[in-house]
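Note: the block below is entry.pdb and it holds PDB, C-alpha atoms.
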```pdb
ATOM      1  CA  MET A   1     109.611 123.878  98.021
ATOM      2  CA  LYS A   2     108.835 122.719 101.525
ATOM      3  CA  ASN A   3     110.201 119.566 103.089
ATOM      4  CA  ILE A   4     108.013 116.515 102.474
ATOM      5  CA  ILE A   5     107.646 113.352 104.500
ATOM      6  CA  ILE A   6     106.263 110.507 102.390
ATOM      7  CA  PHE A   7     104.369 107.985 104.456
ATOM      8  CA  GLY A   8     102.563 104.716 103.891
ATOM      9  CA  ALA A   9     102.505 100.986 104.407
ATOM     10  CA  PRO A  10     105.095  98.658 102.847
ATOM     11  CA  GLY A  11     104.416  98.511  99.101
ATOM     12  CA  SER A  12     102.398 101.750  99.005
ATOM     13  CA  GLY A  13     104.834 103.333  96.535
ATOM     14  CA  LYS A  14     106.867 105.639  98.774
ATOM     15  CA  GLY A  15     110.046 105.212  96.711
ATOM     16  CA  THR A  16     108.222 105.422  93.380
ATOM     17  CA  TYR A  17     106.319 108.604  94.266
ATOM     18  CA  SER A  18     109.391 110.118  95.955
ATOM     19  CA  ASP A  19     111.372 109.692  92.729
ATOM     20  CA  GLU A  20     108.619 111.398  90.709
ATOM     21  CA  ILE A  21     108.338 114.305  93.182
ATOM     22  CA  VAL A  22     112.126 114.772  93.256
ATOM     23  CA  LYS A  23     112.236 114.909  89.437
ATOM     24  CA  ARG A  24     109.373 117.353  89.074
ATOM     25  CA  TYR A  25     110.364 119.748  91.868
ATOM     26  CA  ASP A  26     114.170 119.326  91.844
ATOM     27  CA  MET A  27     114.262 118.451  95.541
ATOM     28  CA  GLY A  28     116.703 116.562  97.698
ATOM     29  CA  HIS A  29     115.817 112.946  98.527
ATOM     30  CA  ILE A  30     116.765 111.253 101.762
ATOM     31  CA  SER A  31     116.004 107.531 101.785
ATOM     32  CA  THR A  32     116.999 106.144 105.171
ATOM     33  CA  GLY A  33     117.935 102.759 103.696
ATOM     34  CA  ASP A  34     120.235 104.360 101.119
ATOM     35  CA  VAL A  35     121.723 106.710 103.722
ATOM     36  CA  LEU A  36     122.521 103.867 106.121
ATOM     37  CA  ARG A  37     124.088 101.726 103.410
ATOM     38  CA  GLY A  38     126.185 104.728 102.293
ATOM     39  CA  GLU A  39     127.428 105.540 105.805
ATOM     40  CA  ILE A  40     128.403 101.896 106.385
ATOM     41  CA  LYS A  41     130.050 101.531 102.954
ATOM     42  CA  ASN A  42     132.044 104.737 103.448
ATOM     43  CA  GLY A  43     133.215 103.596 106.875
ATOM     44  CA  THR A  44     132.167 106.812 108.640
ATOM     45  CA  GLU A  45     132.122 106.852 112.442
ATOM     46  CA  LEU A  46     128.320 106.967 112.407
ATOM     47  CA  GLY A  47     128.290 104.149 109.849
ATOM     48  CA  LYS A  48     130.520 101.995 112.062
ATOM     49  CA  LEU A  49     128.197 102.584 115.012
ATOM     50  CA  ALA A  50     125.142 101.723 112.896
ATOM     51  CA  LYS A  51     126.824  98.571 111.535
ATOM     52  CA  GLY A  52     127.465  97.374 115.078
ATOM     53  CA  TYR A  53     123.749  97.500 115.850
ATOM     54  CA  ILE A  54     122.757  95.928 112.531
ATOM     55  CA  ASP A  55     125.309  93.117 112.859
ATOM     56  CA  ASN A  56     123.863  92.288 116.278
ATOM     57  CA  GLY A  57     120.329  92.161 114.892
ATOM     58  CA  GLN A  58     119.304  95.318 116.757
ATOM     59  CA  LEU A  59     117.423  98.379 115.609
ATOM     60  CA  ILE A  60     119.506 101.522 115.268
ATOM     61  CA  PRO A  61     118.694 103.852 118.173
ATOM     62  CA  ASP A  62     116.673 106.921 117.204
ATOM     63  CA  GLU A  63     119.403 109.307 118.392
ATOM     64  CA  LEU A  64     122.000 107.703 116.099
ATOM     65  CA  MET A  65     119.581 107.668 113.153
ATOM     66  CA  ILE A  66     118.819 111.365 113.665
ATOM     67  CA  ASP A  67     122.573 112.159 113.780
ATOM     68  CA  ILE A  68     123.037 110.307 110.485
ATOM     69  CA  LEU A  69     120.028 112.063 108.906
ATOM     70  CA  ALA A  70     121.213 115.450 110.199
ATOM     71  CA  ASN A  71     124.563 115.003 108.419
ATOM     72  CA  THR A  72     122.772 114.013 105.209
ATOM     73  CA  TYR A  73     120.257 116.858 105.500
ATOM     74  CA  ASP A  74     123.026 119.408 106.054
ATOM     75  CA  ALA A  75     124.745 118.202 102.863
ATOM     76  CA  GLN A  76     121.636 118.927 100.730
ATOM     77  CA  GLU A  77     121.454 122.012  98.549
ATOM     78  CA  PRO A  78     119.903 124.785 100.675
ATOM     79  CA  GLY A  79     116.450 126.093  99.808
ATOM     80  CA  LYS A  80     115.321 123.197  97.603
ATOM     81  CA  GLY A  81     113.459 121.203 100.225
ATOM     82  CA  VAL A  82     113.971 117.529 100.949
ATOM     83  CA  ILE A  83     111.721 114.513 100.713
ATOM     84  CA  PHE A  84     112.122 112.077 103.621
ATOM     85  CA  ASP A  85     111.467 108.530 102.412
ATOM     86  CA  GLY A  86     111.274 105.832 105.098
ATOM     87  CA  PHE A  87     111.614 108.119 108.094
ATOM     88  CA  PRO A  88     110.170 108.726 110.595
ATOM     89  CA  ARG A  89     108.603 105.387 111.508
ATOM     90  CA  THR A  90     107.650 106.099 115.113
ATOM     91  CA  ILE A  91     106.307 109.071 117.066
ATOM     92  CA  ALA A  92     109.637 109.359 118.912
ATOM     93  CA  GLN A  93     111.453 109.586 115.558
ATOM     94  CA  ALA A  94     108.977 112.202 114.310
ATOM     95  CA  GLU A  95     109.551 114.315 117.412
ATOM     96  CA  ALA A  96     113.332 113.957 117.009
ATOM     97  CA  LEU A  97     113.127 114.931 113.315
ATOM     98  CA  LYS A  98     110.982 117.950 114.178
ATOM     99  CA  ALA A  99     113.554 119.048 116.802
ATOM    100  CA  MET A 100     116.515 118.481 114.430
ATOM    101  CA  LEU A 101     114.886 120.582 111.722
ATOM    102  CA  ALA A 102     113.844 123.295 114.211
ATOM    103  CA  LYS A 103     117.500 123.669 115.291
ATOM    104  CA  ARG A 104     118.206 124.627 111.675
ATOM    105  CA  GLY A 105     115.273 127.020 111.480
ATOM    106  CA  HIS A 106     113.305 124.613 109.251
ATOM    107  CA  ASP A 107     110.097 122.661 109.665
ATOM    108  CA  MET A 108     108.811 119.300 108.526
ATOM    109  CA  GLY A 109     106.710 120.881 105.775
ATOM    110  CA  VAL A 110     103.989 118.419 104.797
ATOM    111  CA  MET A 111     103.360 114.718 105.236
ATOM    112  CA  ILE A 112     101.933 112.930 102.214
ATOM    113  CA  GLU A 113     100.211 109.706 103.219
ATOM    114  CA  LEU A 114      99.708 107.055 100.559
ATOM    115  CA  ILE A 115      96.640 104.990 101.424
ATOM    116  CA  VAL A 116      96.456 101.685  99.561
ATOM    117  CA  ASP A 117      94.291  98.662 100.423
ATOM    118  CA  GLU A 118      96.152  95.681 101.858
ATOM    119  CA  GLU A 119      95.166  93.324  99.020
ATOM    120  CA  THR A 120      96.851  95.646  96.498
ATOM    121  CA  LEU A 121      99.891  96.037  98.774
ATOM    122  CA  LEU A 122     100.311  92.268  99.126
ATOM    123  CA  SER A 123      99.990  91.775  95.371
ATOM    124  CA  ARG A 124     102.594  94.500  94.681
ATOM    125  CA  LEU A 125     105.095  93.112  97.182
ATOM    126  CA  LEU A 126     104.762  89.541  95.918
ATOM    127  CA  LYS A 127     105.254  90.798  92.344
ATOM    128  CA  ARG A 128     108.324  92.784  93.456
ATOM    129  CA  ALA A 129     109.717  89.638  95.108
ATOM    130  CA  ILE A 130     109.540  87.780  91.808
ATOM    131  CA  GLU A 131     110.894  90.663  89.704
ATOM    132  CA  GLN A 132     113.737  91.600  92.066
ATOM    133  CA  GLY A 133     114.432  88.199  93.635
ATOM    134  CA  ARG A 134     113.836  89.551  97.143
ATOM    135  CA  ASP A 135     113.612  86.789  99.716
ATOM    136  CA  ASP A 136     112.171  89.183 102.315
ATOM    137  CA  ASP A 137     109.027  89.676 100.226
ATOM    138  CA  ASN A 138     107.283  86.347 100.857
ATOM    139  CA  GLU A 139     103.677  86.299 102.070
ATOM    140  CA  GLU A 140     104.493  85.378 105.686
ATOM    141  CA  THR A 141     107.145  88.090 106.036
ATOM    142  CA  ILE A 142     104.951  90.663 104.308
ATOM    143  CA  LYS A 143     102.092  89.991 106.738
ATOM    144  CA  LYS A 144     104.525  90.431 109.668
ATOM    145  CA  ARG A 145     105.676  93.737 108.163
ATOM    146  CA  PHE A 146     102.041  94.841 107.880
ATOM    147  CA  ALA A 147     101.484  93.955 111.563
ATOM    148  CA  VAL A 148     104.536  96.004 112.593
ATOM    149  CA  TYR A 149     103.374  98.872 110.393
ATOM    150  CA  HIS A 150      99.880  98.847 111.940
ATOM    151  CA  SER A 151     101.154  98.666 115.524
ATOM    152  CA  GLN A 152     104.216 100.932 115.395
ATOM    153  CA  THR A 153     104.143 103.189 112.337
ATOM    154  CA  GLU A 154     100.499 103.804 111.470
ATOM    155  CA  PRO A 155      99.833 105.706 114.749
ATOM    156  CA  LEU A 156     102.125 108.399 113.340
ATOM    157  CA  SER A 157      99.326 109.350 110.951
ATOM    158  CA  LYS A 158      97.344 110.789 113.886
ATOM    159  CA  TRP A 159     100.469 112.558 115.179
ATOM    160  CA  PHE A 160     100.953 114.279 111.798
ATOM    161  CA  GLU A 161      97.231 115.092 111.735
ATOM    162  CA  ALA A 162      97.588 116.794 115.136
ATOM    163  CA  GLU A 163     100.580 118.732 113.778
ATOM    164  CA  GLY A 164      98.326 119.966 110.960
ATOM    165  CA  ILE A 165     100.586 118.693 108.169
ATOM    166  CA  ARG A 166      98.964 115.362 107.123
ATOM    167  CA  TYR A 167      97.576 115.143 103.583
ATOM    168  CA  ALA A 168      96.216 111.750 102.522
ATOM    169  CA  PHE A 169      95.917 110.385  98.995
ATOM    170  CA  THR A 170      93.941 107.193  98.390
ATOM    171  CA  TRP A 171      94.803 104.657  95.681
ATOM    172  CA  LYS A 172      92.168 104.606  92.959
ATOM    173  CA  GLY A 173      93.708 101.940  90.752
ATOM    174  CA  SER A 174      96.121 104.154  88.809
ATOM    175  CA  LYS A 175      99.592 105.468  89.598
ATOM    176  CA  ASP A 176      99.069 108.360  87.178
ATOM    177  CA  VAL A 177      95.808 109.432  88.855
ATOM    178  CA  MET A 178      97.355 109.380  92.323
ATOM    179  CA  LEU A 179     100.494 111.140  91.110
ATOM    180  CA  GLY A 180      98.355 113.807  89.423
ATOM    181  CA  GLU A 181      96.502 114.432  92.690
ATOM    182  CA  ILE A 182      99.790 114.724  94.579
ATOM    183  CA  PHE A 183     101.250 117.101  91.972
ATOM    184  CA  ASP A 184      98.091 119.258  92.056
ATOM    185  CA  PHE A 185      98.388 119.487  95.839
ATOM    186  CA  LEU A 186     102.118 120.322  95.760
ATOM    187  CA  ASP A 187     101.635 122.881  92.966
ATOM    188  CA  GLY A 188      99.147 124.618  95.254
ATOM    189  CA  LEU A 189     101.806 124.980  97.967
ATOM    190  CA  LYS A 190     104.208 127.060  95.880
TER
END
```
Full structure transcribed into structure tokens:
Amino acid sequence: MKNIIIFGAPGSGKGTYSDEIVKRYDMGHISTGDVLRGEIKNGTELGKLAKGYIDNGQLIPDELMIDILANTYDAQEPGKGVIFDGFPRTIAQAEALKAMLAKRGHDMGVMIELIVDEETLLSRLLKRAIEQGRDDDNEETIKKRFAVYHSQTEPLSKWFEAEGIRYAFTWKGSKDVMLGEIFDFLDGLK
């Protein structure tokens, strides 16, 4: 299986669909949030550096994030492919990921974009806030996250399109329908 980058707005289902793809195709899964928490918890040198930025309310520099992802990628079982969940978020990160993979003789594979209308996204995130008790999922914060997504992350869609690896799937009201479309596409890549 090729590497997969799963891409979409907050609440589009990146984690949910990643889990389903990993199960079906027996792939590696790199979630940047999980990776960062693991590095910090384990007290690695990279984790200590990342914690310093986080504790000061700063974003982790792209170079440090790529170093952390490279270590995680290298620890994956060879030949299975990896799904990148939550990374890249900017064009600079995409270019750095492409370069990191190229150094290993690998490519980015495909980018699966999950397109979901904002009304559905807002509803999902507010529901998640109630179910999981997440304070960061209130309407004001969610709308700020959407604004950041539209200004900083969404332009990546065109970058992936130019790379010839963007494949978009539009929400049609059913997780199973969308998942079926994604599976049909991935089955065709084998």
What does the PyMOL selection byres ((chain A and resi 7-16) around 8) select in this file, as a PyMOL selection string? chain A and resi 5-6+17-20+85-86+111-116+121-122+124-125+145-146+149+154
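Note that CA of Gly52 in chain A and CA of Met100 in chain A are 23.8 Å apart.
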Which residues match the PyMOL selection byres ((chain A and resi 37) around 12) in the file above, as a PDB file with C-alpha atoms, keeping the file's coordinate frame?
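Below is the file that was written, part23.pdb:
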```pdb
ATOM      1  CA  SER A  31     116.004 107.531 101.785  1.00  0.00           C
ATOM      2  CA  THR A  32     116.999 106.144 105.171  1.00  0.00           C
ATOM      3  CA  GLY A  33     117.935 102.759 103.696  1.00  0.00           C
ATOM      4  CA  ASP A  34     120.235 104.360 101.119  1.00  0.00           C
ATOM      5  CA  VAL A  35     121.723 106.710 103.722  1.00  0.00           C
ATOM      6  CA  LEU A  36     122.521 103.867 106.121  1.00  0.00           C
ATOM      7  CA  GLY A  38     126.185 104.728 102.293  1.00  0.00           C
ATOM      8  CA  GLU A  39     127.428 105.540 105.805  1.00  0.00           C
ATOM      9  CA  ILE A  40     128.403 101.896 106.385  1.00  0.00           C
ATOM     10  CA  LYS A  41     130.050 101.531 102.954  1.00  0.00           C
ATOM     11  CA  ASN A  42     132.044 104.737 103.448  1.00  0.00           C
ATOM     12  CA  GLY A  43     133.215 103.596 106.875  1.00  0.00           C
ATOM     13  CA  THR A  44     132.167 106.812 108.640  1.00  0.00           C
ATOM     14  CA  LEU A  46     128.320 106.967 112.407  1.00  0.00           C
ATOM     15  CA  GLY A  47     128.290 104.149 109.849  1.00  0.00           C
ATOM     16  CA  LYS A  48     130.520 101.995 112.062  1.00  0.00           C
ATOM     17  CA  ALA A  50     125.142 101.723 112.896  1.00  0.00           C
ATOM     18  CA  LYS A  51     126.824  98.571 111.535  1.00  0.00           C
ATOM     19  CA  ILE A  54     122.757  95.928 112.531  1.00  0.00           C
ATOM     20  CA  ILE A  68     123.037 110.307 110.485  1.00  0.00           C
TER      21      ILE A  68
END
```
From the set A:Gly105, A:Gly173, A:Pro61, A:Pro78, which residue has the shortest atom-to-atom contact distance to Ala92 in chain A, counting only C-alpha atoms? A:Pro61
Excluding same-chain residues fewer than 3 positions from His29 in chain A, what lies within 7 Å of it counting all atoms listed in the file, as a PyMOL selection string? chain A and resi 22+82-84
Which distance in Å separates CA of Met108 in chain A and CA of Glu45 in chain A, to one decimal?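 Going from CA of Met108 in chain A over to CA of Glu45 in chain A, I get 26.7 Å.
Put simply, the PyMOL selection byres ((chain A and resi 95) around 12) in this file takes in Asp62, Glu63, Ile66, Phe87, Pro88, Arg89, Thr90, Ile91, Ala92, Gln93, Ala94, Ala96, Leu97, Lys98, Ala99, Met100, Leu101, Ala102, Asp107, Met108, Leu156, Trp159, Phe160 and Glu163 of chain A.
Computed from the coordinates, the CA of Tyr73 in chain A to CA of Ile60 in chain A distance equals 18.2 Å.
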Which of these residues is nearest to Ala129 in chain A, using all atoms listed in the file: A:His150, A:Ile142, A:Gly81, A:Lys23?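 For Ala129 in chain A, the nearest of the given residues is A:Ile142.
Shortest atom-to-atom contact with Asp117 in chain A among A:Ile30, A:Trp171, A:Val177, A:Asn56: A:Trp171, counting only C-alpha atoms.
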Restricting the calculation to all atoms listed in the file: of A:Arg128, A:Glu77, A:Gln152, A:Ala70, which residue gets closest to Asp26 in chain A?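 Using all atoms listed in the file, Asp26 in chain A sits closest to A:Glu77.
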